[in-house]
file model05.cif (mmCIF, C-alpha atoms)
data_my_file
loop_
_atom_site.label_atom_id
_atom_site.label_comp_id
_atom_site.auth_asym_id
_atom_site.auth_seq_id
_atom_site.Cartn_x
_atom_site.Cartn_y
_atom_site.Cartn_z
CA MET A 1 0.00 0.00 0.00
CA VAL A 2 2.84 2.34 0.82
CA ASN A 3 4.35 1.82 -2.60
CA VAL A 4 1.02 2.47 -4.30
CA ARG A 5 0.56 5.76 -2.47
CA ASN A 6 4.11 6.79 -3.34
CA ASN A 7 3.54 5.95 -6.97
CA ARG A 8 0.32 7.98 -7.00
CA THR A 9 2.05 10.90 -5.35
CA LEU A 10 4.85 10.81 -7.86
CA ALA A 11 2.33 10.66 -10.72
CA ALA A 12 0.43 13.65 -9.34
CA ILE A 13 3.62 15.62 -8.94
CA SER A 14 4.64 14.75 -12.50
CA LEU A 15 1.22 15.76 -13.83
CA LEU A 16 1.32 19.06 -11.93
CA SER A 17 4.82 19.80 -13.22
CA LEU A 18 3.72 19.09 -16.79
CA SER A 19 0.70 21.39 -16.45
CA LEU A 20 2.83 24.21 -15.11
CA ALA A 21 5.29 23.79 -17.94
CA LEU A 22 2.54 23.85 -20.55
CA ALA A 23 0.99 26.95 -18.98
CA ALA A 24 4.34 28.70 -19.04
CA CYS A 25 4.75 27.85 -22.71
CA GLY A 26 1.25 29.16 -23.44
CA ASN A 27 1.98 32.44 -21.68
CA THR A 28 5.20 32.87 -23.61
CA SER A 29 3.38 32.32 -26.88
CA ASN A 30 0.64 34.79 -25.99
CA SER A 31 3.15 37.41 -24.93
CA SER A 32 4.95 37.01 -28.22
CA ASN A 33 1.72 37.32 -30.20
CA ASP A 34 0.62 40.34 -28.20
CA ALA A 35 3.92 42.06 -28.86
CA SER A 36 3.64 41.25 -32.54
CA ASN A 37 0.06 42.52 -32.74
CA ALA A 38 0.90 45.70 -30.86
CA SER A 39 3.61 46.59 -33.33
CA ALA A 40 1.62 45.72 -36.46
CA SER A 41 -0.29 48.90 -37.31
CA PRO A 42 -2.62 49.59 -39.00
CA SER A 43 -2.97 46.29 -40.80
CA GLY A 44 -3.22 43.98 -37.80
CA SER A 45 -6.53 43.11 -36.19
CA ALA A 46 -5.63 43.74 -32.57
CA SER A 47 -7.26 47.11 -32.04
CA SER A 48 -10.16 46.17 -34.28
CA ALA A 49 -11.03 43.35 -31.93
CA ALA A 50 -10.78 45.58 -28.89
CA PRO A 51 -13.84 47.01 -27.13
CA SER A 52 -15.15 50.29 -28.48
CA SER A 53 -13.54 52.19 -25.65
CA GLU A 54 -10.16 50.98 -26.89
CA ALA A 55 -10.81 51.57 -30.59
CA PRO A 56 -9.54 55.18 -30.55
CA SER A 57 -6.15 53.87 -29.48
CA ALA A 58 -4.79 55.58 -32.58
CA SER A 59 -5.31 58.95 -30.94
CA PRO A 60 -3.27 62.01 -31.94
CA SER A 61 -0.82 61.48 -29.10
CA ALA A 62 -0.50 57.74 -29.61
CA SER A 63 -0.28 57.73 -33.40
CA ALA A 64 1.72 60.82 -34.20
CA SER A 65 4.98 59.11 -33.28
CA GLU A 66 4.43 56.02 -35.42
CA SER A 67 7.26 55.31 -37.77
CA PRO A 68 6.54 54.37 -41.41
CA SER A 69 7.31 50.74 -40.65
CA GLU A 70 4.65 50.76 -37.97
CA SER A 71 2.03 51.95 -40.45
CA ALA A 72 2.40 49.21 -43.07
CA SER A 73 -0.58 48.47 -45.30
CA ALA A 74 -2.66 45.38 -44.68
CA SER A 75 -2.13 42.17 -46.62
CA PRO A 76 -4.50 39.27 -47.29
CA ALA A 77 -2.82 37.35 -44.45
CA GLN A 78 -3.42 40.18 -41.98
CA GLY A 79 -7.01 41.17 -42.73
CA ASN A 80 -9.39 39.32 -40.45
CA GLY A 81 -12.60 39.61 -42.45
CA GLU A 82 -14.09 42.37 -40.30
CA THR A 83 -16.36 44.85 -42.08
CA LEU A 84 -15.38 48.45 -42.68
CA THR A 85 -18.13 50.98 -43.50
CA VAL A 86 -17.17 53.68 -45.99
CA TYR A 87 -19.29 56.64 -47.04
CA LEU A 88 -18.40 57.88 -50.53
CA ASN A 89 -19.82 59.50 -53.64
CA ASP A 90 -17.88 57.74 -56.44
CA PHE A 91 -15.89 54.60 -57.37
CA ASP A 92 -17.97 52.19 -55.24
CA ASP A 93 -17.98 49.53 -57.96
CA ILE A 94 -14.16 49.49 -58.19
CA VAL A 95 -12.79 49.93 -54.68
CA LYS A 96 -14.83 47.22 -52.96
CA PRO A 97 -13.46 44.15 -54.82
CA MET A 98 -9.94 45.60 -55.02
CA PHE A 99 -9.71 46.41 -51.34
CA GLU A 100 -11.26 43.15 -50.16
CA GLU A 101 -8.95 41.06 -52.33
CA GLN A 102 -5.81 42.95 -51.31
CA THR A 103 -6.43 43.17 -47.57
CA GLY A 104 -8.79 40.46 -46.42
CA TYR A 105 -11.13 43.04 -44.88
CA LYS A 106 -14.76 43.38 -45.95
CA LEU A 107 -16.15 46.66 -47.22
CA GLU A 108 -19.67 48.00 -46.74
CA ILE A 109 -20.26 51.03 -48.93
CA VAL A 110 -22.87 53.76 -48.53
CA SER A 111 -22.92 55.98 -51.61
CA GLY A 112 -24.73 59.19 -52.48
CA ASN A 113 -24.15 62.73 -53.64
CA GLY A 114 -22.28 65.21 -51.46
CA ALA A 115 -25.37 66.63 -49.79
CA GLU A 116 -26.76 63.17 -49.05
CA ILE A 117 -23.54 61.90 -47.48
CA MET A 118 -23.02 64.98 -45.33
CA SER A 119 -26.67 64.94 -44.24
CA ARG A 120 -26.33 61.33 -43.22
CA ILE A 121 -23.17 62.03 -41.22
CA GLU A 122 -24.90 64.93 -39.48
CA ALA A 123 -27.95 62.79 -38.68
CA GLU A 124 -25.71 60.14 -37.12
CA LYS A 125 -23.81 62.64 -34.99
CA GLY A 126 -23.32 61.09 -31.56
CA ASN A 127 -23.80 57.59 -32.98
CA PRO A 128 -21.84 57.46 -36.25
CA HIS A 129 -22.23 54.37 -38.41
CA TRP A 130 -19.33 55.19 -40.71
CA ASP A 131 -15.65 54.39 -40.33
CA VAL A 132 -14.24 56.30 -43.31
CA VAL A 133 -15.62 59.11 -45.46
CA TRP A 134 -14.10 59.58 -48.92
CA MET A 135 -15.45 62.41 -51.07
CA ASP A 136 -14.40 65.15 -53.45
CA SER A 137 -15.54 67.76 -50.98
CA MET A 138 -12.50 68.83 -48.97
CA PRO A 139 -14.17 71.86 -47.33
CA SER A 140 -16.97 69.67 -45.94
CA ILE A 141 -14.48 67.12 -44.60
CA GLU A 142 -12.42 69.95 -43.14
CA GLY A 143 -15.58 71.07 -41.37
CA LEU A 144 -15.95 67.63 -39.78
CA GLY A 145 -12.38 67.95 -38.54
CA GLN A 146 -13.08 71.35 -37.04
CA LYS A 147 -15.98 69.79 -35.14
CA GLY A 148 -13.67 67.13 -33.70
CA GLU A 149 -15.25 64.20 -35.57
CA LEU A 150 -12.12 62.89 -37.30
CA LEU A 151 -9.13 60.82 -36.23
CA GLU A 152 -6.11 63.11 -36.04
CA GLY A 153 -2.36 62.66 -35.79
CA TRP A 154 -2.02 59.49 -37.83
CA THR A 155 0.47 59.33 -40.72
CA PRO A 156 0.01 56.74 -43.50
CA ALA A 157 3.10 54.70 -44.33
CA ASN A 158 3.01 55.83 -47.98
CA VAL A 159 2.41 59.54 -47.36
CA ASP A 160 5.89 60.44 -48.62
CA ASN A 161 4.82 59.27 -52.08
CA LEU A 162 2.33 62.12 -52.39
CA THR A 163 3.05 64.67 -55.10
CA ASP A 164 4.17 68.13 -54.03
CA PHE A 165 0.78 69.48 -55.14
CA ALA A 166 -1.09 66.91 -53.04
CA LYS A 167 1.05 67.47 -49.96
CA THR A 168 -0.23 71.04 -49.75
CA PHE A 169 -3.69 69.68 -48.88
CA VAL A 170 -2.65 67.60 -45.87
CA PRO A 171 -3.80 69.57 -42.80
CA ALA A 172 -1.54 70.08 -39.82
CA SER A 173 -3.93 67.91 -37.81
CA LYS A 174 -3.42 65.02 -40.27
CA ALA A 175 -7.19 64.51 -40.15
CA TYR A 176 -7.54 63.67 -43.86
CA TYR A 177 -5.44 62.82 -46.90
CA PRO A 178 -5.92 63.72 -50.59
CA THR A 179 -6.38 60.97 -53.16
CA GLY A 180 -6.67 63.22 -56.20
CA ALA A 181 -7.98 66.53 -57.54
CA HIS A 182 -10.13 67.32 -60.54
CA ALA A 183 -11.57 70.42 -62.13
CA ALA A 184 -14.83 71.08 -60.32
CA SER A 185 -15.73 72.90 -63.50
CA VAL A 186 -14.23 73.63 -66.87
CA ILE A 187 -16.01 75.59 -69.59
CA VAL A 188 -17.81 73.37 -72.08
CA TYR A 189 -19.75 74.58 -75.11
CA ASN A 190 -21.95 73.02 -77.76
CA THR A 191 -20.13 73.23 -81.10
CA LYS A 192 -23.45 73.54 -82.95
CA ALA A 193 -24.00 76.86 -81.18
CA PHE A 194 -20.45 78.27 -81.04
CA ASP A 195 -17.10 77.85 -82.71
CA ALA A 196 -13.74 78.32 -81.02
CA ALA A 197 -13.73 82.04 -81.74
CA SER A 198 -17.23 82.82 -80.44
CA ALA A 199 -17.39 80.42 -77.47
CA PRO A 200 -16.83 81.56 -73.87
CA LYS A 201 -13.18 81.28 -72.87
CA THR A 202 -12.95 82.88 -69.43
CA TRP A 203 -15.04 82.71 -66.26
CA ALA A 204 -15.94 86.37 -66.77
CA ASP A 205 -17.55 85.41 -70.10
CA LEU A 206 -20.29 83.54 -68.25
CA ALA A 207 -21.71 86.93 -67.25
CA ASP A 208 -21.34 88.41 -70.76
CA LYS A 209 -24.62 89.40 -72.41
CA LYS A 210 -23.57 87.41 -75.48
CA PHE A 211 -24.28 84.28 -73.44
CA LYS A 212 -27.47 85.44 -71.75
CA GLY A 213 -29.76 82.56 -70.83
CA VAL A 214 -27.60 79.81 -72.37
CA VAL A 215 -25.19 78.90 -69.53
CA GLY A 216 -25.67 76.19 -66.91
CA MET A 217 -23.93 75.02 -63.72
CA ALA A 218 -24.44 72.58 -60.83
CA ASP A 219 -25.95 73.54 -57.48
CA PRO A 220 -23.23 73.99 -54.83
CA ALA A 221 -25.66 72.90 -52.12
CA VAL A 222 -26.21 69.49 -53.77
CA ALA A 223 -23.29 68.42 -55.98
CA ALA A 224 -20.10 67.67 -54.03
CA PRO A 225 -17.68 69.34 -56.49
CA ALA A 226 -19.90 72.36 -57.12
CA TYR A 227 -19.17 73.99 -53.78
CA PRO A 228 -15.35 73.88 -54.20
CA PHE A 229 -15.95 75.47 -57.62
CA VAL A 230 -17.85 78.50 -56.30
CA ALA A 231 -15.77 78.71 -53.11
CA TRP A 232 -12.65 79.57 -55.11
CA PHE A 233 -14.30 82.71 -56.52
CA PHE A 234 -15.45 83.85 -53.09
CA LYS A 235 -11.99 83.28 -51.63
CA ASP A 236 -10.21 84.88 -54.59
CA LYS A 237 -12.51 87.90 -54.88
CA GLY A 238 -13.61 88.20 -51.26
CA MET A 239 -17.12 87.50 -50.04
CA ASP A 240 -18.59 90.66 -51.56
CA GLY A 241 -16.68 90.16 -54.79
CA GLY A 242 -17.80 86.54 -55.03
CA LYS A 243 -21.42 87.52 -54.51
CA ALA A 244 -21.08 90.25 -57.13
CA TYR A 245 -19.59 87.84 -59.67
CA PHE A 246 -22.18 85.11 -59.28
CA ASP A 247 -24.96 87.67 -59.05
CA SER A 248 -23.92 88.87 -62.52
CA VAL A 249 -23.81 85.27 -63.80
CA LEU A 250 -27.21 84.41 -62.36
CA LYS A 251 -28.80 87.64 -63.57
CA ASN A 252 -27.44 86.79 -67.00
CA GLY A 253 -29.88 83.92 -66.99
CA ALA A 254 -27.62 81.05 -65.88
CA HIS A 255 -29.48 77.81 -65.17
CA VAL A 256 -28.65 75.96 -61.95
CA TYR A 257 -29.16 72.17 -61.98
CA PRO A 258 -28.94 69.76 -59.04
CA LYS A 259 -25.91 67.81 -60.26
CA ASN A 260 -23.36 67.76 -63.05
CA PRO A 261 -25.03 64.93 -65.02
CA ASN A 262 -28.13 67.16 -65.19
CA VAL A 263 -25.96 69.96 -66.57
CA ALA A 264 -24.47 67.60 -69.16
CA LYS A 265 -27.92 66.43 -70.27
CA ALA A 266 -29.15 70.01 -70.64
CA LEU A 267 -26.07 70.89 -72.69
CA THR A 268 -26.47 68.05 -75.18
CA GLY A 269 -30.26 68.39 -75.25
CA GLY A 270 -30.12 72.03 -76.32
CA GLU A 271 -31.58 73.57 -73.18
CA ILE A 272 -28.28 75.37 -72.65
CA LYS A 273 -25.38 75.99 -75.03
CA ALA A 274 -22.45 76.38 -72.60
CA ALA A 275 -21.71 75.28 -69.08
CA ALA A 276 -19.42 75.21 -66.10
CA LEU A 277 -19.13 71.42 -65.98
CA GLN A 278 -17.08 68.99 -63.89
CA GLU A 279 -14.23 67.60 -65.99
CA SER A 280 -15.06 63.87 -66.01
CA ASN A 281 -18.56 64.71 -67.19
CA ALA A 282 -17.09 67.01 -69.83
CA TYR A 283 -14.65 64.45 -71.22
CA THR A 284 -17.28 61.71 -71.13
CA LEU A 285 -19.50 63.82 -73.38
CA LYS A 286 -16.67 64.52 -75.80
CA ASN A 287 -15.48 60.91 -75.91
CA SER A 288 -19.00 59.65 -76.57
CA GLY A 289 -19.20 61.77 -79.72
CA GLU A 290 -21.37 64.60 -78.44
CA PRO A 291 -20.85 67.96 -80.22
CA VAL A 292 -18.97 69.65 -77.40
CA GLU A 293 -15.59 71.25 -76.85
CA ILE A 294 -13.71 71.81 -73.60
CA VAL A 295 -11.97 75.02 -72.54
CA TRP A 296 -9.52 75.21 -69.65
CA PRO A 297 -9.54 78.91 -68.70
CA ALA A 298 -6.10 80.46 -68.53
CA GLU A 299 -6.79 81.72 -64.99
CA GLY A 300 -7.26 78.14 -63.89
CA ALA A 301 -10.10 75.74 -63.16
CA PRO A 302 -11.27 75.65 -59.53
CA ALA A 303 -10.49 72.19 -58.24
CA SER A 304 -12.35 69.74 -56.09
CA VAL A 305 -9.95 67.70 -53.97
CA ARG A 306 -11.05 64.18 -53.05
CA VAL A 307 -9.95 63.31 -49.52
CA ALA A 308 -10.29 60.36 -47.14
CA ALA A 309 -10.83 60.73 -43.40
CA ILE A 310 -11.31 58.30 -40.52
CA GLN A 311 -14.06 58.65 -37.91
CA LYS A 312 -12.37 59.34 -34.58
CA ASP A 313 -14.23 56.65 -32.59
CA THR A 314 -14.14 53.91 -35.20
CA LYS A 315 -14.04 50.38 -33.82
CA HIS A 316 -12.12 49.31 -36.93
CA ALA A 317 -9.08 51.60 -36.82
CA ASP A 318 -6.72 49.06 -38.39
CA ALA A 319 -9.01 48.40 -41.35
CA ALA A 320 -9.70 52.12 -41.75
CA LYS A 321 -6.00 52.96 -41.87
CA ALA A 322 -5.43 50.14 -44.35
CA PHE A 323 -8.18 51.60 -46.56
CA VAL A 324 -6.64 55.08 -46.58
CA GLU A 325 -3.22 53.65 -47.45
CA PHE A 326 -4.90 51.58 -50.17
CA LEU A 327 -6.34 54.79 -51.65
CA LEU A 328 -2.93 56.49 -51.58
CA ASP A 329 -1.32 53.59 -53.45
CA PRO A 330 -0.43 54.61 -57.04
CA LYS A 331 -1.68 51.24 -58.31
CA THR A 332 -5.10 51.94 -56.80
CA GLN A 333 -5.22 55.44 -58.23
CA GLN A 334 -4.17 54.16 -61.65
CA ALA A 335 -7.01 51.65 -61.55
CA LEU A 336 -9.45 54.46 -60.74
CA ILE A 337 -8.09 56.43 -63.72
CA ASP A 338 -8.15 53.44 -66.07
CA LYS A 339 -11.54 52.01 -65.07
CA GLY A 340 -13.51 54.54 -63.03
CA ASP A 341 -16.48 56.63 -64.12
CA GLU A 342 -14.90 59.76 -62.59
CA SER A 343 -11.58 58.90 -64.16
CA TYR A 344 -10.39 62.35 -65.18
CA PHE A 345 -8.37 63.73 -62.30
CA GLU A 346 -4.87 64.58 -61.20
CA PRO A 347 -3.66 61.71 -58.98
CA SER A 348 -2.14 62.48 -55.61
CA ALA A 349 0.35 59.61 -55.71
CA LYS A 350 3.60 59.67 -57.63
CA GLY A 351 3.62 56.86 -60.16
CA ALA A 352 -0.01 57.23 -61.27
CA THR A 353 -0.62 58.89 -64.65
CA PRO A 354 -3.68 60.97 -65.64
CA LYS A 355 -5.72 60.18 -68.75
CA ALA A 356 -3.71 60.68 -71.92
CA ASP A 357 -6.33 62.96 -73.47
CA ARG A 358 -6.60 65.20 -70.40
CA ALA A 359 -5.29 68.68 -71.21
CA LYS A 360 -1.53 68.79 -70.68
CA ASP A 361 -1.72 72.42 -69.58
CA ALA A 362 -4.61 71.82 -67.19
CA LYS A 363 -4.28 74.34 -64.39
CA LEU A 364 -6.07 73.69 -61.11
CA VAL A 365 -6.66 76.36 -58.45
CA VAL A 366 -7.97 75.51 -55.00
CA ALA A 367 -9.74 77.51 -52.31
CA ASP A 368 -8.14 77.27 -48.87
CA ALA A 369 -9.96 74.43 -47.08
CA PRO A 370 -10.31 76.02 -43.61
CA TRP A 371 -11.62 79.23 -45.18
CA ALA A 372 -14.01 77.33 -47.45
CA ALA A 373 -15.26 75.27 -44.51
CA GLU A 374 -15.82 78.37 -42.39
CA HIS A 375 -17.92 80.07 -45.08
CA GLU A 376 -19.64 76.99 -46.52
CA ALA A 377 -23.04 77.49 -44.90
CA GLU A 378 -23.12 81.19 -45.75
CA ILE A 379 -22.19 80.70 -49.42
CA LYS A 380 -24.60 77.81 -49.93
CA GLN A 381 -27.40 79.81 -48.33
CA TRP A 382 -26.63 82.74 -50.63
CA PHE A 383 -27.05 80.48 -53.65
CA ALA A 384 -30.25 79.02 -52.23
CA ASP A 385 -31.63 82.55 -51.92
CA ASN A 386 -30.46 83.83 -55.30
CA ALA A 387 -30.23 80.98 -57.82
CA VAL A 388 -33.09 80.28 -60.21
CA LYS A 389 -33.46 76.51 -60.47
#

call {"tool": "encode", "arguments": {"input": "model05.cif", "output": "structure tokens"}}
result
Amino acid sequence: MVNVRNNRTLAAISLLSLSLALAACGNTSNSSNDASNASASPSGSASSAAPSSEAPSASPSASASESPSESASASPAQGNGETLTVYLNDFDDIVKPMFEEQTGYKLEIVSGNGAEIMSRIEAEKGNPHWDVVWMDSMPSIEGLGQKGELLEGWTPANVDNLTDFAKTFVPASKAYYPTGAHAASVIVYNTKAFDAASAPKTWADLADKKFKGVVGMADPAVAAPAYPFVAWFFKDKGMDGGKAYFDSVLKNGAHVYPKNPNVAKALTGGEIKAAALQESNAYTLKNSGEPVEIVWPAEGAPASVRVAAIQKDTKHADAAKAFVEFLLDPKTQQALIDKGDESYFEPSAKGATPKADRAKDAKLVVADAPWAAEHEAEIKQWFADNAVK
């Protein structure tokens, strides 16, 4: 009996020793994985799996010191299948399959025009459903930043590949990043009504009596790129000067349509004979054989800058950062140029090339984003009160 008890005791001791050893090994493995996950940003899934109170771990103070190597883009092996919600107004058919295939994350897209997206964001204030907003409406996104609704202080790993022109649009807060810029409007005319000599060539011509009642433009309160277009004139001429200019254009009988496709339809249908029209819409008309010609005014075409921003309290910070870096990748931007509906734009990433038929001397001018954000409500209200629609 004594021997039996001794044998049992020895067995118990051996079993206990084995359990302790296994536990130690497990702890070592977990510590190693935790360290690995903590250093893998933003592509890892660690912070995405954290409770919502931990999601804003990429706060300005925590993220500003990240090195480029700590901000590597996600890969199929790193994405964990979680769903990222993106609010946007273009390219939804292209970015979803590309991003999901490259990163392993899932993408839920909510699309609409600029007014619809911003109204939705405002309605969800206090309980936002979006993780990233990506629109060609930099002043509106700047306004969200001024209200403290955006993640600040984070630097994408590929930010150094931005062009010098694009770098000028990155705010000091690092609350959003530009993915491209396009002419919010160029001058387009119907060649059945005008030839090169008689067509409008400058923005001042839109108020010339020669073009009374035949000019159209998009509504800055509805179409995302239309506000950056009018904002440039108000910034360049001052508020009173901007009102005076557009008052002269509107009193000259200019037609204001909800969105640029409406302007394009009116131009080809004969309702108007010239227009301030967003450049992708303009080139689409020309390439489809419509009798139109495009004029890039020598003083420049006011640009709409498309930017991406992350919601400050997102529960999917890693996936959101991976999406922004995906948008800044020249291969992504080239795909948008080669295959997208809104494919005429100046890319923000070095290595991406604009459309070959886009004007080589295209000159873009941009209203200062903080200024445009500050005066957005006032300018849009002025148009609502004065435009004949």

call {"tool": "resolve_selection", "arguments": {"input": "model05.cif", "expression": "the PyMOL selection byres ((chain A and resi 168-179) around 7)", "output": "PDB file with C-alpha atoms, in the frame of the given file"}}
result
ATOM      1  CA  GLY A 145     -12.380  67.950 -38.540  1.00  0.00           C
ATOM      2  CA  LEU A 150     -12.120  62.890 -37.300  1.00  0.00           C
ATOM      3  CA  LEU A 151      -9.130  60.820 -36.230  1.00  0.00           C
ATOM      4  CA  GLU A 152      -6.110  63.110 -36.040  1.00  0.00           C
ATOM      5  CA  GLY A 153      -2.360  62.660 -35.790  1.00  0.00           C
ATOM      6  CA  TRP A 154      -2.020  59.490 -37.830  1.00  0.00           C
ATOM      7  CA  THR A 155       0.470  59.330 -40.720  1.00  0.00           C
ATOM      8  CA  ASP A 164       4.170  68.130 -54.030  1.00  0.00           C
ATOM      9  CA  PHE A 165       0.780  69.480 -55.140  1.00  0.00           C
ATOM     10  CA  ALA A 166      -1.090  66.910 -53.040  1.00  0.00           C
ATOM     11  CA  LYS A 167       1.050  67.470 -49.960  1.00  0.00           C
ATOM     12  CA  GLY A 180      -6.670  63.220 -56.200  1.00  0.00           C
ATOM     13  CA  VAL A 305      -9.950  67.700 -53.970  1.00  0.00           C
ATOM     14  CA  ARG A 306     -11.050  64.180 -53.050  1.00  0.00           C
ATOM     15  CA  VAL A 307      -9.950  63.310 -49.520  1.00  0.00           C
ATOM     16  CA  ALA A 308     -10.290  60.360 -47.140  1.00  0.00           C
ATOM     17  CA  ALA A 309     -10.830  60.730 -43.400  1.00  0.00           C
ATOM     18  CA  LEU A 327      -6.340  54.790 -51.650  1.00  0.00           C
ATOM     19  CA  LEU A 328      -2.930  56.490 -51.580  1.00  0.00           C
ATOM     20  CA  PRO A 347      -3.660  61.710 -58.980  1.00  0.00           C
ATOM     21  CA  SER A 348      -2.140  62.480 -55.610  1.00  0.00           C
TER      22      SER A 348
END

call {"tool": "atom_distance", "arguments": {"input": "model05.cif", "atom1": "atom CA of A:Glu376", "atom2": "atom CA of A:Tyr227"}}
result
7.9 Å

call {"tool": "residues_around", "arguments": {"input": "model05.cif", "residues": "A:Ser343", "least_positions_apart": "3", "cutoff": "10 Å", "atoms": "all atoms listed in the file", "output": "ChimeraX atom specification"}}
result
/A:91,182,279-281,283-284,333-340,346-347,354-355

call {"tool": "closest_residue", "arguments": {"input": "model05.cif", "among": "A:Ile272, A:Ala264, A:Ala197, A:Ala320", "to": "A:Lys212", "atoms": "only C-alpha atoms"}}
result
A:Ile272

call {"tool": "residues_around", "arguments": {"input": "model05.cif", "residues": "stretch 360-369 of chain A", "least_positions_apart": "4", "cutoff": "9 Å", "atoms": "all atoms listed in the file", "output": "VMD selection string"}}
result
chain A and resid 138 to 143 169 171 181 to 183 228 to 229 231 to 236 296 to 305 356 373 to 374

call {"tool": "resolve_selection", "arguments": {"input": "model05.cif", "expression": "the PyMOL selection byres ((chain A and resi 208) around 12)", "output": "ChimeraX atom specification"}}
result
/A:198-207,209-215,245-246,248-254

call {"tool": "closest_residue", "arguments": {"input": "model05.cif", "among": "A:Val110, A:Ala275, A:Ala319, A:Ala226", "to": "A:Pro258", "atoms": "all atoms listed in the file"}}
result
A:Ala226

call {"tool": "closest_residue", "arguments": {"input": "model05.cif", "among": "A:Pro261, A:Gly114, A:Gly270, A:Gly148", "to": "A:Leu285", "atoms": "only C-alpha atoms"}}
result
A:Pro261

call {"tool": "resolve_selection", "arguments": {"input": "model05.cif", "expression": "the PyMOL selection byres ((chain A and resi 124-128) around 12)", "output": "ChimeraX atom specification"}}
result
/A:85-87,117-123,129-133,144,147-150,310-315

call {"tool": "closest_residue", "arguments": {"input": "model05.cif", "among": "A:Phe383, A:Tyr257, A:Trp371, A:Phe99", "to": "A:Thr83", "atoms": "all atoms listed in the file"}}
result
A:Phe99

call {"tool": "closest_residue", "arguments": {"input": "model05.cif", "among": "A:Asn262, A:Thr103, A:Asn80, A:Thr268", "to": "A:Ala193", "atoms": "all atoms listed in the file"}}
result
A:Thr268

call {"tool": "closest_residue", "arguments": {"input": "model05.cif", "among": "A:Pro156, A:Gly351, A:Gly104, A:Pro370", "to": "A:Thr332", "atoms": "all atoms listed in the file"}}
result
A:Gly351

call {"tool": "atom_distance", "arguments": {"input": "model05.cif", "atom1": "atom CA of A:Val95", "atom2": "atom CA of A:Thr163"}}
result
21.6 Å

call {"tool": "atom_distance", "arguments": {"input": "model05.cif", "atom1": "atom CA of A:Asn287", "atom2": "atom CA of A:Lys273"}}
result
18.1 Å
